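protein_4.txt, holding compact mmCIF, C-alpha atoms:
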# COMPACT_ATOMS: atom_id res chain seq x y z
CA ILE A 1 66.82 98.04 87.38
CA ASN A 2 64.34 96.02 85.31
CA LYS A 3 62.31 99.26 85.15
CA LEU A 4 64.93 100.96 82.96
CA ALA A 5 63.22 103.19 80.46
CA THR A 6 64.04 102.46 76.82
CA ASP A 7 63.43 104.12 73.50
CA LYS A 8 62.96 101.91 70.47
CA VAL A 9 64.69 103.22 67.35
CA ASP A 10 65.09 100.83 64.41
CA GLN A 11 65.04 97.81 66.74
CA LEU A 12 67.82 99.22 68.97
CA PHE A 13 67.29 99.78 72.68
CA PHE A 14 69.09 102.60 74.46
CA PRO A 15 69.16 102.24 78.26
CA ILE A 16 68.54 105.31 80.39
CA GLN A 17 70.27 105.36 83.77
CA PRO A 18 67.65 104.50 86.41
CA ARG A 19 67.00 106.86 89.28
CA GLY A 20 69.12 106.06 92.32
CA VAL A 21 71.49 103.70 90.47
CA LYS A 22 74.83 104.86 89.15
CA VAL A 23 76.20 103.02 86.13
CA SER A 24 79.99 102.97 86.34
CA HIS A 25 80.79 101.12 83.11
CA ILE A 26 78.98 99.71 80.08
CA GLY A 27 79.83 97.24 77.33
CA VAL A 28 77.92 97.01 74.05
CA GLY A 29 77.95 94.08 71.63
CA SER A 30 76.14 93.70 68.32
CA ASN A 31 72.96 92.53 70.02
CA HIS A 32 73.52 92.64 73.78
CA ILE A 33 74.49 95.07 76.53
CA LEU A 34 76.21 94.64 79.88
CA LEU A 35 76.52 97.32 82.53
CA VAL A 36 78.19 97.65 85.91
CA THR A 37 76.48 99.52 88.75
CA ASN A 38 78.09 101.53 91.54
CA ASN A 39 77.83 98.52 93.86
CA TYR A 40 79.78 96.32 91.41
CA GLU A 41 76.79 94.33 90.18
CA VAL A 42 76.48 93.40 86.50
CA TYR A 43 73.22 93.48 84.54
CA GLY A 44 72.63 92.39 80.97
CA LYS A 45 69.96 92.29 78.30
CA GLY A 46 69.60 91.26 74.68
CA ARG A 47 70.70 88.30 72.58
CA ASN A 48 72.03 85.42 74.62
CA LYS A 49 72.11 82.48 72.21
CA GLU A 50 75.75 81.71 73.03
CA GLY A 51 75.49 82.58 76.72
CA GLN A 52 77.10 85.99 76.28
CA LEU A 53 75.03 87.48 79.12
CA GLY A 54 76.52 85.08 81.66
CA ILE A 55 73.16 84.16 83.22
CA THR A 56 73.77 80.37 82.88
CA ASN A 57 71.22 79.87 80.09
CA THR A 58 70.80 80.85 76.43
CA ASN A 59 67.43 82.61 76.56
CA PHE A 60 66.87 86.04 75.01
CA VAL A 61 66.56 88.68 77.74
CA ASN A 62 64.20 91.64 77.24
CA ASP A 63 64.82 93.43 80.55
CA PHE A 64 68.09 94.11 82.32
CA THR A 65 68.78 91.04 84.46
CA LEU A 66 71.29 90.57 87.25
CA VAL A 67 74.25 88.32 86.37
CA SER A 68 74.17 86.53 89.69
CA LYS A 69 77.36 84.54 89.08
CA LEU A 70 79.31 87.80 89.10
CA LYS A 71 78.04 88.98 92.49
CA ASN A 72 80.87 89.60 94.95
CA LYS A 73 83.44 89.52 92.14
CA GLY A 74 84.14 93.25 92.39
CA VAL A 75 83.60 93.85 88.68
CA LYS A 76 85.24 97.03 87.39
CA LYS A 77 84.73 96.89 83.61
CA VAL A 78 82.69 94.91 81.09
CA TYR A 79 83.53 94.19 77.45
CA CYS A 80 81.30 92.75 74.73
CA MET A 81 81.94 91.12 71.39
CA GLU A 82 79.14 89.78 69.20
CA ASN A 83 79.04 86.30 70.75
CA TYR A 84 80.99 86.53 74.01
CA SER A 85 81.76 88.89 76.86
CA ALA A 86 84.46 89.57 79.43
CA VAL A 87 84.73 91.36 82.76
CA LEU A 88 87.75 92.75 84.57
CA SER A 89 87.58 92.88 88.36
CA TYR A 90 89.19 95.23 90.88
CA LEU A 91 91.41 92.26 91.79
CA ASN A 92 92.65 92.35 88.17
CA GLU A 93 91.03 89.03 87.30
CA VAL A 94 89.45 88.25 83.91
CA ILE A 95 86.16 86.36 83.64
CA LEU A 96 84.78 85.21 80.27
CA PHE A 97 81.44 83.82 79.08
CA GLY A 98 79.73 83.10 75.78
CA ASP A 99 81.12 81.57 72.59
CA ILE A 100 84.81 81.33 73.46
CA PHE A 101 85.45 78.42 71.10
CA PHE A 102 89.01 79.65 70.53
CA LEU A 103 89.81 79.10 74.22
CA LEU A 104 87.95 75.85 74.90
CA ASN A 105 89.98 72.83 73.86
CA SER A 106 86.88 70.79 73.02
CA LYS A 107 85.31 69.51 69.81
CA HIS A 108 81.87 69.42 71.38
CA VAL A 109 81.59 72.54 73.56
CA ASN A 110 81.92 76.10 72.21
CA ASN A 111 79.74 78.07 74.60
CA GLN A 112 80.68 78.92 78.18
CA ILE A 113 77.29 79.83 79.66
CA VAL A 114 78.65 79.99 83.23
CA PRO A 115 81.18 82.82 83.75
CA LYS A 116 84.68 81.32 83.81
CA GLU A 117 87.64 82.82 85.67
CA MET A 118 90.77 82.69 83.53
CA PRO A 119 94.12 81.67 85.09
CA TRP A 120 95.96 84.63 83.57
CA GLY A 121 97.47 86.15 86.69
CA ILE A 122 97.13 89.89 87.33
CA VAL A 123 95.60 91.68 84.34
CA TYR A 124 95.63 95.48 83.92
CA LYS A 125 94.06 95.83 80.47
CA ILE A 126 92.26 93.61 77.99
CA ALA A 127 91.10 93.87 74.37
CA LEU A 128 88.71 91.47 72.65
CA GLY A 129 88.71 90.34 69.03
CA PRO A 130 86.29 87.93 67.33
CA SER A 131 88.69 85.01 67.85
CA HIS A 132 91.61 86.26 69.93
CA ILE A 133 92.32 88.34 73.03
CA LEU A 134 95.16 90.66 74.03
CA PHE A 135 95.91 91.57 77.61
CA ILE A 136 98.55 93.37 79.64
CA GLY A 137 99.47 91.81 82.95
CA LYS A 138 101.90 89.84 85.02
CA ASP A 139 102.12 86.44 86.64
CA ASN A 140 101.13 86.19 90.29
CA ASN A 141 104.70 85.43 91.36
CA SER A 142 106.48 88.00 89.18
CA ASP A 143 106.86 91.78 88.81
CA LYS A 144 107.55 91.54 85.07
CA VAL A 145 104.70 92.97 83.01
CA TYR A 146 103.97 91.45 79.60
CA LEU A 147 101.67 91.94 76.65
CA LYS A 148 100.12 88.53 76.01
CA ALA A 149 97.82 87.07 73.36
CA VAL A 150 95.61 84.01 73.31
CA GLY A 151 93.23 82.39 70.83
CA ASN A 152 93.36 81.96 67.07
CA GLY A 153 96.67 82.86 65.42
CA THR A 154 95.67 83.14 61.75
CA PHE A 155 97.68 85.81 59.85
CA GLY A 156 100.05 86.13 62.82
CA LYS A 157 97.65 88.33 64.78
CA LEU A 158 98.88 86.94 68.13
CA GLY A 159 102.21 88.66 67.53
CA ASP A 160 104.49 85.89 68.77
CA GLY A 161 106.24 85.51 65.41
CA ASN A 162 104.15 82.57 64.23
CA GLU A 163 101.33 82.24 61.73
CA PHE A 164 98.98 79.34 62.32
CA GLU A 165 95.31 78.48 61.95
CA ASP A 166 95.05 76.51 65.18
CA ASN A 167 94.08 78.05 68.50
CA ARG A 168 96.52 78.84 71.28
CA TYR A 169 94.75 77.86 74.47
CA GLU A 170 97.55 79.19 76.66
CA PRO A 171 98.61 82.86 76.42
CA VAL A 172 101.79 83.62 74.48
CA ILE A 173 104.08 86.59 75.10
CA VAL A 174 104.21 89.41 72.56
CA ASP A 175 107.70 90.91 72.44
CA ILE A 176 106.86 94.50 73.43
CA ALA A 177 109.04 96.38 75.93
CA PHE A 178 107.25 98.78 78.25
CA PRO A 179 108.92 101.87 79.77
CA ASN A 180 110.28 101.33 83.28
CA SER A 181 108.00 104.09 84.55
CA PHE A 182 104.98 101.96 83.70
CA LYS A 183 105.43 99.71 86.71
CA GLU A 184 102.88 101.71 88.67
CA ASP A 185 99.29 100.59 88.11
CA ASP A 186 98.02 104.05 87.17
CA LYS A 187 100.42 104.26 84.22
CA TRP A 188 98.45 101.71 82.21
CA GLN A 189 95.89 104.35 81.33
CA ASN A 190 98.55 105.55 78.87
CA VAL A 191 98.41 102.30 76.89
CA LYS A 192 95.73 101.28 74.42
CA ILE A 193 95.44 97.75 73.00
CA LEU A 194 93.13 96.90 70.12
CA CYS A 195 92.01 93.80 68.24
CA SER A 196 90.25 93.39 64.90
CA LYS A 197 89.33 90.23 62.99
CA HIS A 198 92.80 89.74 61.52
CA ASN A 199 94.99 92.28 63.33
CA SER A 200 96.25 93.58 66.66
CA ALA A 201 97.76 96.87 67.83
CA ILE A 202 99.20 98.55 70.88
CA LEU A 203 99.76 102.28 71.36
CA ILE A 204 102.06 103.44 74.17
CA CYS A 205 102.19 107.06 75.32
CA GLU A 206 105.27 108.07 77.30
CA LYS A 207 106.44 111.38 78.72
CA LYS A 208 106.41 114.52 76.55
CA LYS A 209 103.65 112.99 74.43
CA LYS A 210 105.98 110.46 72.81
CA LYS A 211 103.82 107.76 71.25
CA THR A 212 104.91 104.38 69.97
CA LEU A 213 102.61 102.28 67.81
CA PHE A 214 102.97 98.56 67.07
CA VAL A 215 100.61 96.85 64.60
CA TRP A 216 100.69 93.24 63.39
CA GLY A 217 98.54 90.78 61.46
CA LEU A 218 97.07 90.85 57.93
CA TYR A 219 97.85 94.09 56.04
CA PRO A 220 97.60 96.07 59.30
CA LYS A 221 98.10 99.52 57.75
CA THR A 222 94.96 99.09 55.66
CA ILE A 223 92.88 97.84 58.57
CA PHE A 224 93.76 100.29 61.33
CA ASN A 225 93.46 104.01 60.67
CA LEU A 226 96.53 105.43 62.41
CA ARG A 227 94.90 108.82 62.86
CA ASP A 228 92.04 107.13 64.69
CA LEU A 229 94.49 105.32 66.94
CA ASP A 230 96.21 108.60 67.73
CA ARG A 231 92.88 110.30 68.43
CA ILE A 232 91.83 107.46 70.74
CA MET A 233 95.10 107.75 72.65
CA THR A 234 94.82 111.53 72.93
CA ASN A 235 91.34 111.29 74.41
CA MET A 236 92.05 108.48 76.87
Translate this structure into structure tokens?
Amino acid sequence: INKLATDKVDQLFFPIQPRGVKVSHIGVGSNHILLVTNNYEVYGKGRNKEGQLGITNTNFVNDFTLVSKLKNKGVKKVYCMENYSAVLSYLNEVILFGDIFFLLNSKHVNNQIVPKEMPWGIVYKIALGPSHILFIGKDNNSDKVYLKAVGNGTFGKLGDGNEFEDNRYEPVIVDIAFPNSFKEDDKWQNVKILCSKHNSAILICEKKKKKTLFVWGLYPKTIFNLRDLDRIMTNM
């Protein structure tokens, strides 16, 4: 996969799928890329100053390189922010790496250069923001599904009714009720969760195209374009 052909356009590199390798999912950050192959391996390239490629160092990577720490993890999807990344496995586990300062309760360590499994139970969906994360899931010993938030709570973007500048290192529950029909795993494709710098949103699509939108944080109506949210949901 290191032989991926690339075209250079204004300092951006666009990967072309290599012959014989099927790419099942891709995540793109400001300066790095992660992709998942058909055999569940993860490769990355680009900026790695904060360890956002998960290769256990902070060196810039010019060619797609295997993220060896994620082998045998059954990775399904990859997600990239500017300085950190996340993967979701087929076992519904979340693994994070990079600058996750808002999750590390340490004054001296911001960067997680070794991929870290998060103790968040069974996770169906995840959305990344610059300093907070939303996810839909349930505890290992429960059938109750929740929307949860973790990280920085400035402007009330965690949605738990509080506004604070400190970080929440443990996930908090967002008071959103899901339809009873959403208990089946395949129903979560009808839900979209989104994070921005100061806001969060969830869009739920039920039967007969009924859609319910919840938005919270700093002036959410000016940050999220509701038509865009509806278009995203329609095309899911």
Report task. Excluding Glu93 (chain A) and residues on its chain fewer than 4 positions from it, collect all residues at most 8 Å away from it, counting all atoms listed in the file, and give them as a PyMOL selection string. Result -> chain A and resi 88-89+117-118+120-123
Could you build a table of the residues in region 85-157 of chain A lying no more than 12 Å from region 165-178 of chain A, giving for each the nearest pair of atoms and their separation in Å rounded to one decimal place, using only C-alpha atoms, ordered by chain and ascending residue number, as JSON lines?
{"residue": "A:Ile100", "atom": "CA", "partner": "A:Tyr169", "partner_atom": "CA", "distance": 10.6}
{"residue": "A:Phe101", "atom": "CA", "partner": "A:Asn167", "partner_atom": "CA", "distance": 9.0}
{"residue": "A:Phe102", "atom": "CA", "partner": "A:Asn167", "partner_atom": "CA", "distance": 5.7}
{"residue": "A:Leu103", "atom": "CA", "partner": "A:Tyr169", "partner_atom": "CA", "distance": 5.1}
{"residue": "A:Leu104", "atom": "CA", "partner": "A:Tyr169", "partner_atom": "CA", "distance": 7.1}
{"residue": "A:Asn105", "atom": "CA", "partner": "A:Tyr169", "partner_atom": "CA", "distance": 7.0}
{"residue": "A:Ser106", "atom": "CA", "partner": "A:Tyr169", "partner_atom": "CA", "distance": 10.7}
{"residue": "A:Met118", "atom": "CA", "partner": "A:Glu170", "partner_atom": "CA", "distance": 10.3}
{"residue": "A:Pro119", "atom": "CA", "partner": "A:Glu170", "partner_atom": "CA", "distance": 9.4}
{"residue": "A:Trp120", "atom": "CA", "partner": "A:Pro171", "partner_atom": "CA", "distance": 7.8}
{"residue": "A:Gly121", "atom": "CA", "partner": "A:Pro171", "partner_atom": "CA", "distance": 10.8}
{"residue": "A:Ser131", "atom": "CA", "partner": "A:Asn167", "partner_atom": "CA", "distance": 8.8}
{"residue": "A:His132", "atom": "CA", "partner": "A:Asn167", "partner_atom": "CA", "distance": 8.7}
{"residue": "A:Ile133", "atom": "CA", "partner": "A:Pro171", "partner_atom": "CA", "distance": 9.0}
{"residue": "A:Leu134", "atom": "CA", "partner": "A:Pro171", "partner_atom": "CA", "distance": 8.9}
{"residue": "A:Phe135", "atom": "CA", "partner": "A:Pro171", "partner_atom": "CA", "distance": 9.2}
{"residue": "A:Ile136", "atom": "CA", "partner": "A:Ile173", "partner_atom": "CA", "distance": 9.9}
{"residue": "A:Gly137", "atom": "CA", "partner": "A:Ile173", "partner_atom": "CA", "distance": 10.5}
{"residue": "A:Lys138", "atom": "CA", "partner": "A:Ile173", "partner_atom": "CA", "distance": 10.7}
{"residue": "A:Asp139", "atom": "CA", "partner": "A:Pro171", "partner_atom": "CA", "distance": 11.4}
{"residue": "A:Lys144", "atom": "CA", "partner": "A:Phe178", "partner_atom": "CA", "distance": 10.0}
{"residue": "A:Val145", "atom": "CA", "partner": "A:Phe178", "partner_atom": "CA", "distance": 7.9}
{"residue": "A:Tyr146", "atom": "CA", "partner": "A:Ile173", "partner_atom": "CA", "distance": 6.6}
{"residue": "A:Leu147", "atom": "CA", "partner": "A:Val174", "partner_atom": "CA", "distance": 5.4}
{"residue": "A:Lys148", "atom": "CA", "partner": "A:Ile173", "partner_atom": "CA", "distance": 4.5}
{"residue": "A:Ala149", "atom": "CA", "partner": "A:Pro171", "partner_atom": "CA", "distance": 5.3}
{"residue": "A:Val150", "atom": "CA", "partner": "A:Pro171", "partner_atom": "CA", "distance": 4.5}
{"residue": "A:Gly151", "atom": "CA", "partner": "A:Arg168", "partner_atom": "CA", "distance": 4.9}
{"residue": "A:Asn152", "atom": "CA", "partner": "A:Asn167", "partner_atom": "CA", "distance": 4.2}
{"residue": "A:Gly153", "atom": "CA", "partner": "A:Glu165", "partner_atom": "CA", "distance": 5.8}
{"residue": "A:Thr154", "atom": "CA", "partner": "A:Glu165", "partner_atom": "CA", "distance": 4.7}
{"residue": "A:Phe155", "atom": "CA", "partner": "A:Glu165", "partner_atom": "CA", "distance": 8.0}
{"residue": "A:Gly156", "atom": "CA", "partner": "A:Glu165", "partner_atom": "CA", "distance": 9.0}
{"residue": "A:Lys157", "atom": "CA", "partner": "A:Val174", "partner_atom": "CA", "distance": 10.2}
Report task. Write out as a list of chain:residue names which residues come within 7 Å of Lys49 (chain A) when counting all atoms listed in the file, dropping same-chain ones fewer than 3 positions away. Result -> A:Thr58, A:Asn59, A:Phe60
Report summary line: re CA of Ile126 (chain A) and CA of Lys197 (chain A): distance 15.7 Å
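The list of residues with at least one atom within 7 Å of region 63-80 of chain A, based on only C-alpha atoms and without residues fewer than 5 positions apart in the same chain, reads A:Ile1, A:Asn2, A:His25, A:Ile26, A:Gly27, A:Val28, A:Gly29, A:Leu34, A:Leu35, A:Val36, A:Tyr40, A:Glu41, A:Val42, A:Tyr43, A:Gly44, A:Lys45, A:Gly54, A:Ile55, A:Ser85, A:Ala86, A:Val87, A:Leu88, A:Ser89, A:Tyr90, A:Pro115.
For the pair CA of Asn57 (chain A) and CA of Asp99 (chain A), the interatomic distance is 12.5 Å.
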Query - Atomic distance CA of Arg47 (chain A) - CA of Asn199 (chain A), expressed in Å with one decimal - result: 26.3 Å
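Of the residues listed (A:Gly161, A:Ser30, A:Gly129, A:Tyr124), A:Tyr124 shows the shortest atom-to-atom separation from Gln189 (chain A); distances use all atoms listed in the file.
The nearest approach to Gly159 (chain A) among the residues A:Asn141, A:Asn110, A:Ser200, A:Thr212, with only C-alpha atoms taken into account, belongs to A:Ser200.
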Centre and edge lengths of an axis-aligned box around all listed atoms of region 132-141 of chain A, with 6 Å added on each side, are to be given in Å to one decimal, as AutoDock Vina command-line options.
--center_x 98.2 --center_y 89.4 --center_z 80.6 --size_x 25.1 --size_y 19.9 --size_z 33.4
Query raised in the report: Using only C-alpha atoms, which of A:Val109, A:Glu82, A:Glu206, A:Leu53 sits nearest Leu96 (chain A)?
Result: A:Leu53
Query raised in the report: Which residues come within 10 Å of Ile204 (chain A), counting all atoms listed in the file, excluding same-chain residues fewer than 3 positions away, as a PyMOL selection string?
Result: chain A and resi 178-179+188-193+209-214+233
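Nearest residue to Leu158 (chain A), choosing from A:Asn31, A:Gln52, A:Ser196, A:Asn140 and counting all atoms listed in the file: A:Ser196.
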